[in-house]
Amino acid sequence: MGIGHGGIKGELPHRGGKASLRGTMLLNGSYAQGVRITVLLFGPERDAAKTPHVWVELTGEKTCAALRSALRQAIPELQVSLLTARFAVNATFAPDSQALCEGDEVALIGMVSGG
Amino acid sequence: MSIEISIHDGPLSPEPHPLCAGKSEAGAVLRFEGVVRGRDGERLIAALGYESYEPMASDQLRALSEEISAKHGLLAMRVRHSRGRVAVGECSFRLEIAAKHRKECLAAMDEFIDRMKRDVPIWKRPEWTG
């Protein structure tokens, strides 16, 4: 799905610790039918997006592939990372075909650098 | 077979107990320590800041340890990793492996580190000097 089928919003921390909304919108007005997904960001992806997490409302296809597409459109700073980054759903790596459910915790895992 | 995994705040302290104590069948014990380098190309580094995604990082370290242990027939593994700030010269990662023979020990060490750098959600961020 594209962003036209759903919406995305998240927090962008301010210097004073308050949060404001990033991104925007629900374009098709079907908010109530969507699933709300928290996407955690780490490392280079967190730096690029300037936020530790975003919330995504998927109202069409509810899969990791749809989430990838929605993030790509809503956060241009993540476009390069999203070409290769993996998703973890509830702390387990997941293929793009995996279905997402309300309340799932999803992490975007880009290039890691432990050691 | 014993496997020990842990993630610690700050730099790693020396191990108080040797790996595989009392296991008379071990013919090789290998230890690798990752230490924070003070330079990245031309730029000087004061420290590295590590962040991990828990519990996934620990779960991945354990799953990887179990897989590598089974594949190479290891006797014991101990994995330590830092999170938070680790200054130049300090240890941020330690992997110890015990096996019957040198070859499986060396192969397991190399494979584990390669896989960890691909599949374990831990990130580091340099703290530059000046």
# chains A, B, ... in the order shown; residues from 1 in each chain; ligands from 1
call {"tool": "interface_residues", "arguments": {"of": "chain B", "to": "chain A", "cutoff": "12 Å", "atoms": "only C-alpha atoms", "output": "MDAnalysis selection string"}}
result
chainID B and resid 7 32:37 48:61 63 79:83 86 91:95 112:126
call {"tool": "select_by_dssp", "arguments": {"residues": "stretch 5-103 of chain B", "states": "strand (DSSP E)", "output": "ChimeraX atom specification"}}
result
/B:5-9,28-35,39-40,43-52,76-87,91-99
call {"tool": "write_last_selection", "arguments": {"atoms": "C-alpha atoms", "output": "PDB file, in the first residue's frame"}}
result
ATOM      1  CA  ILE B   5      25.435 -14.319  27.398  1.00  0.00           C
ATOM      2  CA  SER B   6      25.309 -10.877  28.939  1.00  0.00           C
ATOM      3  CA  ILE B   7      25.178  -7.213  28.014  1.00  0.00           C
ATOM      4  CA  HIS B   8      26.747  -4.795  30.492  1.00  0.00           C
ATOM      5  CA  ASP B   9      26.629  -1.067  31.076  1.00  0.00           C
ATOM      6  CA  ALA B  28      41.673 -25.156  23.041  1.00  0.00           C
ATOM      7  CA  VAL B  29      40.352 -22.038  24.721  1.00  0.00           C
ATOM      8  CA  LEU B  30      40.223 -18.863  22.684  1.00  0.00           C
ATOM      9  CA  ARG B  31      39.430 -15.323  23.802  1.00  0.00           C
ATOM     10  CA  PHE B  32      38.767 -12.333  21.571  1.00  0.00           C
ATOM     11  CA  GLU B  33      38.459  -8.826  22.964  1.00  0.00           C
ATOM     12  CA  GLY B  34      37.169  -5.912  20.956  1.00  0.00           C
ATOM     13  CA  VAL B  35      38.779  -2.680  22.162  1.00  0.00           C
ATOM     14  CA  ARG B  39      41.046   6.882  15.497  1.00  0.00           C
ATOM     15  CA  ASP B  40      38.735   6.479  12.543  1.00  0.00           C
ATOM     16  CA  ARG B  43      39.455  11.710  12.993  1.00  0.00           C
ATOM     17  CA  LEU B  44      40.203  11.126  16.658  1.00  0.00           C
ATOM     18  CA  ILE B  45      37.736   9.269  18.854  1.00  0.00           C
ATOM     19  CA  ALA B  46      37.240   9.742  22.593  1.00  0.00           C
ATOM     20  CA  ALA B  47      34.759   6.906  23.077  1.00  0.00           C
ATOM     21  CA  LEU B  48      32.064   4.828  21.444  1.00  0.00           C
ATOM     22  CA  GLY B  49      28.473   4.868  22.602  1.00  0.00           C
ATOM     23  CA  TYR B  50      26.688   1.539  22.202  1.00  0.00           C
ATOM     24  CA  GLU B  51      22.965   1.022  22.057  1.00  0.00           C
ATOM     25  CA  SER B  52      21.159  -2.274  21.803  1.00  0.00           C
ATOM     26  CA  ALA B  76      31.635 -23.714  26.079  1.00  0.00           C
ATOM     27  CA  MET B  77      30.965 -20.134  24.965  1.00  0.00           C
ATOM     28  CA  ARG B  78      30.864 -16.889  26.874  1.00  0.00           C
ATOM     29  CA  VAL B  79      29.710 -13.660  25.210  1.00  0.00           C
ATOM     30  CA  ARG B  80      29.874 -10.209  26.785  1.00  0.00           C
ATOM     31  CA  HIS B  81      28.952  -6.955  25.122  1.00  0.00           C
ATOM     32  CA  SER B  82      28.824  -3.380  26.345  1.00  0.00           C
ATOM     33  CA  ARG B  83      26.092  -0.811  26.067  1.00  0.00           C
ATOM     34  CA  GLY B  84      26.535   2.856  26.820  1.00  0.00           C
ATOM     35  CA  ARG B  85      29.851   4.685  26.777  1.00  0.00           C
ATOM     36  CA  VAL B  86      33.145   2.856  26.346  1.00  0.00           C
ATOM     37  CA  ALA B  87      36.291   4.996  26.223  1.00  0.00           C
ATOM     38  CA  CYS B  91      36.957  -3.432  26.107  1.00  0.00           C
ATOM     39  CA  SER B  92      33.450  -3.409  24.607  1.00  0.00           C
ATOM     40  CA  PHE B  93      33.113  -7.002  23.423  1.00  0.00           C
ATOM     41  CA  ARG B  94      34.517 -10.303  24.618  1.00  0.00           C
ATOM     42  CA  LEU B  95      33.996 -13.733  23.133  1.00  0.00           C
ATOM     43  CA  GLU B  96      35.487 -16.846  24.696  1.00  0.00           C
ATOM     44  CA  ILE B  97      35.216 -20.279  23.188  1.00  0.00           C
ATOM     45  CA  ALA B  98      36.379 -23.669  24.389  1.00  0.00           C
ATOM     46  CA  ALA B  99      36.598 -26.703  22.130  1.00  0.00           C
TER      47      ALA B  99
END
call {"tool": "residues_around", "arguments": {"residues": "A:Ala48", "least_positions_apart": "6", "cutoff": "10 Å", "atoms": "only C-alpha atoms", "output": "PyMOL selection string"}}
result
chain A and resi 41-42+75-79+81
call {"tool": "residues_around", "arguments": {"residues": "B:Ala108", "least_positions_apart": "4", "cutoff": "7 Å", "atoms": "only C-alpha atoms", "output": "list in words"}}
result
Ile68, His72, Glu104 and Phe112 of chain B
call {"tool": "write_last_selection", "arguments": {"atoms": "N, CA and C atoms", "output": "PDB file, in the first residue's frame"}}
result
ATOM      1  N   ILE B  68      26.119 -21.821  16.498  1.00  0.00           N
ATOM      2  CA  ILE B  68      27.556 -21.987  16.226  1.00  0.00           C
ATOM      3  C   ILE B  68      28.121 -23.112  17.083  1.00  0.00           C
ATOM      4  N   HIS B  72      29.891 -26.426  15.338  1.00  0.00           N
ATOM      5  CA  HIS B  72      31.324 -26.698  15.496  1.00  0.00           C
ATOM      6  C   HIS B  72      31.631 -27.649  16.656  1.00  0.00           C
ATOM      7  N   GLU B 104      38.268 -25.985  15.211  1.00  0.00           N
ATOM      8  CA  GLU B 104      36.856 -25.615  15.365  1.00  0.00           C
ATOM      9  C   GLU B 104      36.704 -24.352  16.218  1.00  0.00           C
ATOM     10  N   PHE B 112      31.207 -16.495  14.349  1.00  0.00           N
ATOM     11  CA  PHE B 112      30.341 -15.806  15.306  1.00  0.00           C
ATOM     12  C   PHE B 112      30.428 -14.297  15.124  1.00  0.00           C
TER      13      PHE B 112
END
call {"tool": "select_by_dssp", "arguments": {"residues": "stretch 1-106 of chain B", "states": "helix (DSSP H, G or I)", "output": "list in words"}}
result
Met56, Ala57, Ser58, Asp59, Gln60, Leu61, Arg62, Ala63, Leu64, Ser65, Glu66, Glu67, Ile68, Ser69, Ala70, Lys71, His72, Arg102, Lys103, Glu104, Cys105 and Leu106 of chain B
call {"tool": "write_last_selection", "arguments": {"atoms": "C-alpha atoms", "output": "compact mmCIF listing (two decimals), in the first residue's frame"}}
result
# COMPACT_ATOMS: atom_id res chain seq x y z
CA MET B 56 16.24 -8.93 20.76
CA ALA B 57 19.99 -8.33 21.06
CA SER B 58 20.39 -10.86 23.87
CA ASP B 59 18.04 -13.31 22.16
CA GLN B 60 20.02 -13.07 18.94
CA LEU B 61 23.32 -13.53 20.75
CA ARG B 62 21.97 -16.65 22.43
CA ALA B 63 20.47 -18.11 19.26
CA LEU B 64 23.68 -17.45 17.39
CA SER B 65 25.77 -19.02 20.15
CA GLU B 66 23.60 -22.13 20.17
CA GLU B 67 23.78 -22.47 16.40
CA ILE B 68 27.56 -21.99 16.23
CA SER B 69 28.14 -24.28 19.18
CA ALA B 70 26.15 -27.08 17.60
CA LYS B 71 27.74 -26.61 14.20
CA HIS B 72 31.32 -26.70 15.50
CA ARG B 102 42.08 -25.47 17.74
CA LYS B 103 40.49 -25.60 14.31
CA GLU B 104 36.86 -25.61 15.37
CA CYS B 105 37.64 -22.98 17.97
CA LEU B 106 39.14 -20.60 15.40
call {"tool": "closest_residue", "arguments": {"among": "A:Pro52, A:Pro95, A:Val39, A:Glu105", "to": "A:Leu71", "atoms": "only C-alpha atoms"}}
result
A:Val39
